[in-house]
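What follows is the content of final_37.csv, which has CSV, C-alpha atoms:
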chain,number,residue,atom,x,y,z
A,20,MET,CA,2.3,-37.1,-4.5
A,21,THR,CA,1.5,-33.9,-6.5
A,22,LYS,CA,3.0,-30.6,-5.6
A,23,LYS,CA,0.5,-27.9,-4.6
A,24,ALA,CA,0.5,-25.0,-6.9
A,25,ALA,CA,1.7,-21.7,-5.4
A,26,ALA,CA,-1.0,-19.2,-4.5
A,27,ASN,CA,-1.7,-16.5,-7.0
A,28,ASN,CA,-2.7,-13.6,-4.8
A,29,TYR,CA,-2.9,-9.9,-5.7
A,30,ALA,CA,-2.5,-6.8,-3.6
A,31,PHE,CA,-4.6,-3.7,-4.1
A,32,ILE,CA,-3.1,-0.6,-2.4
A,33,ASP,CA,-4.6,2.7,-1.6
A,34,SER,CA,-1.4,4.7,-1.8
A,35,GLN,CA,-2.7,7.8,-0.2
A,36,ASN,CA,-4.1,5.9,2.8
A,37,LEU,CA,-0.8,4.0,3.2
A,38,ASN,CA,1.4,7.0,2.8
A,39,LEU,CA,-0.5,9.5,5.0
A,40,GLY,CA,-1.2,6.8,7.6
A,41,THR,CA,2.4,5.9,8.2
A,42,GLN,CA,3.7,9.6,7.9
A,43,LYS,CA,1.2,10.6,10.6
A,44,GLN,CA,3.0,8.1,12.8
A,45,GLY,CA,6.4,9.6,12.0
A,46,TRP,CA,7.8,7.1,9.4
A,47,ASP,CA,7.9,6.4,5.7
A,48,VAL,CA,7.4,3.0,4.0
A,49,ASP,CA,10.3,1.5,2.2
A,50,TYR,CA,8.4,0.5,-0.9
A,51,LYS,CA,11.0,-2.0,-2.1
A,52,LYS,CA,10.8,-3.8,1.3
A,53,PHE,CA,7.0,-3.5,1.3
A,54,ARG,CA,6.7,-5.1,-2.2
A,55,GLN,CA,9.0,-8.0,-1.1
A,56,TYR,CA,6.9,-8.4,2.1
A,57,LEU,CA,3.7,-8.7,0.0
A,58,ARG,CA,5.5,-11.3,-2.2
A,59,ASP,CA,6.9,-13.4,0.7
A,60,LYS,CA,4.1,-13.2,3.2
A,61,TYR,CA,1.0,-13.3,1.0
A,62,SER,CA,2.3,-14.7,-2.3
A,63,ALA,CA,1.2,-11.5,-4.0
A,64,LYS,CA,2.2,-12.1,-7.6
A,65,LYS,CA,1.0,-8.6,-8.6
A,66,ALA,CA,0.7,-5.5,-6.5
A,67,PHE,CA,-1.5,-2.7,-7.8
A,68,LEU,CA,-0.8,0.7,-6.4
A,69,PHE,CA,-3.6,3.2,-6.9
A,70,ILE,CA,-2.2,6.8,-7.0
A,71,GLY,CA,-3.2,10.3,-8.1
A,72,PHE,CA,-1.2,11.4,-11.1
A,73,VAL,CA,0.8,14.6,-10.8
A,74,GLU,CA,2.9,15.5,-13.9
A,75,ASN,CA,6.1,16.3,-12.1
A,76,ASN,CA,6.2,13.1,-10.0
A,77,GLN,CA,7.8,11.0,-12.7
A,78,LYS,CA,10.8,10.1,-10.6
A,79,LEU,CA,8.5,8.8,-7.8
A,80,TYR,CA,6.5,6.7,-10.3
A,81,SER,CA,9.6,5.2,-11.9
A,82,HIS,CA,10.9,4.3,-8.4
A,83,LEU,CA,7.6,2.6,-7.4
A,84,GLN,CA,7.5,0.7,-10.7
A,85,SER,CA,11.2,-0.4,-10.2
A,86,CYS,CA,10.1,-1.8,-6.8
A,87,GLY,CA,7.6,-4.0,-8.6
A,88,PHE,CA,4.3,-2.1,-8.3
A,89,ILE,CA,1.8,-1.8,-11.1
A,90,LEU,CA,0.6,1.8,-11.0
A,91,ILE,CA,-3.0,2.7,-11.7
A,92,PHE,CA,-3.3,6.4,-12.0
A,93,LYS,CA,-6.2,8.7,-11.1
A,94,PRO,CA,-6.3,12.2,-12.5
A,95,THR,CA,-6.0,14.8,-9.7
A,96,ILE,CA,-7.7,18.1,-9.3
A,97,SER,CA,-6.2,21.3,-7.8
A,98,TYR,CA,-7.9,23.6,-5.4
A,99,LEU,CA,-7.1,26.1,-2.7
A,100,LYS,CA,-7.6,25.1,0.9
A,101,ASP,CA,-6.8,27.8,3.5
A,102,GLY,CA,-4.9,29.7,0.8
A,103,VAL,CA,-2.7,26.7,-0.1
A,104,GLU,CA,-2.8,24.8,-3.4
A,105,THR,CA,-4.0,21.3,-2.6
A,106,ARG,CA,-4.3,18.2,-4.9
A,107,LYS,CA,-6.8,15.5,-4.7
A,108,GLY,CA,-7.1,12.2,-6.5
A,109,ASN,CA,-9.5,9.9,-4.9
A,110,VAL,CA,-8.6,6.3,-6.0
A,111,ASP,CA,-11.4,4.4,-4.1
A,112,ALA,CA,-13.6,3.7,-7.1
A,113,GLU,CA,-10.7,2.5,-9.2
A,114,LEU,CA,-9.4,0.2,-6.5
A,115,VAL,CA,-12.9,-1.4,-6.0
A,116,LEU,CA,-13.3,-1.7,-9.8
A,117,TRP,CA,-10.0,-3.4,-10.3
A,118,ALA,CA,-10.4,-5.8,-7.4
A,119,SER,CA,-14.0,-6.8,-8.1
A,120,ALA,CA,-14.1,-6.7,-11.9
A,121,VAL,CA,-11.0,-6.0,-13.9
A,122,GLU,CA,-8.6,-8.4,-12.2
A,123,TYR,CA,-11.2,-10.5,-10.2
A,124,ALA,CA,-10.9,-13.7,-12.3
A,125,ASN,CA,-7.1,-13.5,-12.4
A,126,TYR,CA,-6.2,-14.0,-8.7
A,127,ASP,CA,-7.0,-16.5,-5.9
A,128,GLN,CA,-7.2,-14.0,-3.0
A,129,ALA,CA,-6.7,-10.3,-2.4
A,130,VAL,CA,-4.7,-8.3,0.1
A,131,ILE,CA,-6.3,-4.9,0.5
A,132,VAL,CA,-4.0,-2.2,1.8
A,133,SER,CA,-6.2,0.5,3.4
A,134,GLY,CA,-8.0,1.2,6.6
A,135,ASP,CA,-10.6,3.3,4.9
A,136,GLY,CA,-14.2,2.3,5.6
A,137,ASP,CA,-15.2,3.2,2.0
A,138,PHE,CA,-13.9,-0.2,1.1
A,139,ALA,CA,-16.2,-2.1,3.5
A,140,CYS,CA,-18.4,-3.1,0.6
A,141,LEU,CA,-15.4,-4.5,-1.3
A,142,MET,CA,-14.4,-6.4,1.8
A,143,GLN,CA,-17.8,-7.9,2.1
A,144,PHE,CA,-17.9,-8.8,-1.6
A,145,LEU,CA,-14.5,-10.6,-1.4
A,146,GLU,CA,-15.2,-12.3,1.9
A,147,GLU,CA,-18.5,-13.8,0.7
A,148,ARG,CA,-16.5,-15.3,-2.2
A,149,ASN,CA,-13.6,-16.5,-0.1
A,150,LYS,CA,-11.3,-14.1,-1.9
A,151,LEU,CA,-10.3,-11.8,1.0
A,152,LEU,CA,-6.9,-12.9,2.3
A,153,ARG,CA,-5.9,-9.9,4.4
A,154,ILE,CA,-6.5,-6.2,5.1
A,155,LEU,CA,-3.4,-4.2,5.9
A,156,ALA,CA,-4.4,-1.1,7.7
A,157,PRO,CA,-1.8,1.6,8.1
A,158,THR,CA,-2.8,2.6,11.6
A,159,VAL,CA,-4.7,1.2,14.6
A,160,LYS,CA,-7.3,3.8,13.9
A,161,TYR,CA,-8.8,2.1,10.9
A,162,SER,CA,-12.5,2.5,10.1
A,163,GLN,CA,-15.1,0.9,12.4
A,164,LEU,CA,-16.8,-0.3,9.2
A,165,LEU,CA,-14.0,-2.9,8.9
A,166,GLN,CA,-14.8,-4.4,12.3
A,167,PRO,CA,-16.6,-7.5,10.7
A,168,TYR,CA,-13.2,-8.4,9.3
A,169,VAL,CA,-11.1,-7.7,12.3
A,170,ASP,CA,-9.6,-11.3,12.1
A,171,LYS,CA,-8.2,-10.4,8.7
A,172,VAL,CA,-6.8,-7.0,9.7
A,173,LEU,CA,-3.1,-6.5,10.3
A,174,VAL,CA,-1.9,-3.0,11.3
A,175,ILE,CA,1.1,-2.0,9.3
A,176,SER,CA,2.5,0.1,12.0
A,177,LYS,CA,3.3,-3.2,13.8
A,178,LEU,CA,5.7,-3.9,11.0
A,179,ARG,CA,7.5,-0.5,11.2
A,180,ARG,CA,10.9,-2.0,12.1
A,181,MET,CA,10.7,-4.3,9.1
A,182,LEU,CA,9.3,-1.9,6.5
A,183,GLU,CA,10.6,1.6,7.5
A,184,TYR,CA,12.6,3.6,5.0
A,185,LYS,CA,16.0,4.5,6.4
A,186,LYS,CA,18.1,7.0,4.6
A,187,ARG,CA,21.5,5.6,3.8
A,188,GLU,CA,24.5,7.6,5.1
A,189,THR,CA,27.0,8.7,2.5
A,190,ALA,CA,30.6,7.7,3.0
A,191,SER,CA,31.5,11.3,4.0
A,192,ALA,CA,28.8,11.3,6.7
A,193,VAL,CA,30.0,8.0,8.1
A,194,GLY,CA,33.5,9.3,8.2
A,195,ARG,CA,32.3,12.5,9.9
A,196,ASN,CA,30.4,10.4,12.5
A,197,LEU,CA,33.4,8.3,13.2
A,198,ARG,CA,35.5,11.3,13.8
A,199,LEU,CA,32.9,12.8,16.1
A,200,SER,CA,32.6,9.6,18.2
A,201,ARG,CA,36.4,9.5,18.9

Spell out the structure here as structure tokens.
Amino acid sequence: MTKKAAANNYAFIDSQNLNLGTQKQGWDVDYKKFRQYLRDKYSAKKAFLFIGFVENNQKLYSHLQSCGFILIFKPTISYLKDGVETRKGNVDAELVLWASAVEYANYDQAVIVSGDGDFACLMQFLEERNKLLRILAPTVKYSQLLQPYVDKVLVISKLRRMLEYKKRETASAVGRNLRLSR
């Protein structure tokens, strides 16, 4: 009897959609746990995180890479919105390009992390070729354009207990809490 080869799946992640979607629900993703989840649950050998590049975010980028993500950067633009400097780095085109062309021949199936309807054409492309494994939408309010793939959608907020980032208490904070509880 021959042993079946392990799946070679890739994850393609719209970082802004994931980050803002979970933050609007009052929680932050623990990226180390999230990368492990993608590995364990979907056999994601590689996880591409598409993110806008901001010069002074090197610490964040290093952390994400240490968690096992491959970062694909998009230049950002700055503009004023209601008198506040805002940055924008739309990664949609890069994510579609990487999933449908650059890495397409290198993986068996894809996990797309976004609830954005702009990716409906990618979902259709992958589904027609039996390469769409799962769509991980950050919130239950994902785009109606993804409805044809509802059987492939998993809402990440349902995984909050498993994937939420929790700040670790310092030893002095733990001691202080113990004293207060006596």

Query raised in the report: Which polymer residues have any atom within 12 Å of an atom of segment 99-113 of chain A, counting all atoms listed in the file, with same-chain residues fewer than 6 positions away left out, as a ChimeraX atom specification?
Result: /A:31-36,67-74,90-93,119-122,131-141

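Distances here use only C-alpha atoms; by that measure, the residue among A:Ala66, A:Asp47, A:His82, A:Pro157 closest to Ala118 of chain A is A:Ala66.
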
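Nearest-residue note for Met181 of chain A: choosing from A:Ala124, A:Leu155, A:Val48, A:Leu79, the minimum distance belongs to A:Val48, counting all atoms listed in the file.
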
Query raised in the report: To one decimal place, how far is atom CA of Ile175 of chain A from atom CA of Leu37 of chain A in Å?
Result: 8.8 Å

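Neighbouring residues of segment 148-151 of chain A at 9 Å or closer, counting only C-alpha atoms and skipping chain neighbours under 6 positions away, are Tyr126, Asp127, Gln128, Ala129, Val130, Ile131, Met142 and Lys171 of chain A.
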
Output file for the selection above: C-alpha atoms, as a PDB file, in the frame of the given file:
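After the write, result_15.pdb holds the following:
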ATOM      1  CA  TYR A 126      -6.200 -14.000  -8.700  1.00  0.00           C
ATOM      2  CA  ASP A 127      -7.000 -16.500  -5.900  1.00  0.00           C
ATOM      3  CA  GLN A 128      -7.200 -14.000  -3.000  1.00  0.00           C
ATOM      4  CA  ALA A 129      -6.700 -10.300  -2.400  1.00  0.00           C
ATOM      5  CA  VAL A 130      -4.700  -8.300   0.100  1.00  0.00           C
ATOM      6  CA  ILE A 131      -6.300  -4.900   0.500  1.00  0.00           C
ATOM      7  CA  MET A 142     -14.400  -6.400   1.800  1.00  0.00           C
ATOM      8  CA  LYS A 171      -8.200 -10.400   8.700  1.00  0.00           C
TER       9      LYS A 171
END

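Taking atom CA of Leu57 of chain A as the reference point, atom CA of Asn28 of chain A is found at 9.4 Å.
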
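Polymer residues near (-6.0, -7.3, 15.6): counting all atoms listed in the file with a cut-off of 12 Å, they are Arg153, Ile154, Leu155, Ala156, Thr158, Val159, Lys160, Tyr161, Leu165, Gln166, Pro167, Tyr168, Val169, Asp170, Lys171, Val172, Leu173, Val174, Ile175, Ser176 and Lys177 of chain A.
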
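Atom CA of Tyr61 of chain A sits 8.3 Å away from atom CA of Ala26 of chain A.
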
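Closest approach to Tyr80 of chain A among A:Asn125, A:Tyr50, A:Trp117, A:Leu182 is made by A:Tyr50 (distances from only C-alpha atoms).
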
Requested in this report: Using all atoms listed in the file, pick whichever of A:Asn75, A:Gln44, A:Asn27, A:Gln55 has the shortest atom-to-atom distance to Phe88 of chain A.
Outcome: A:Gln55
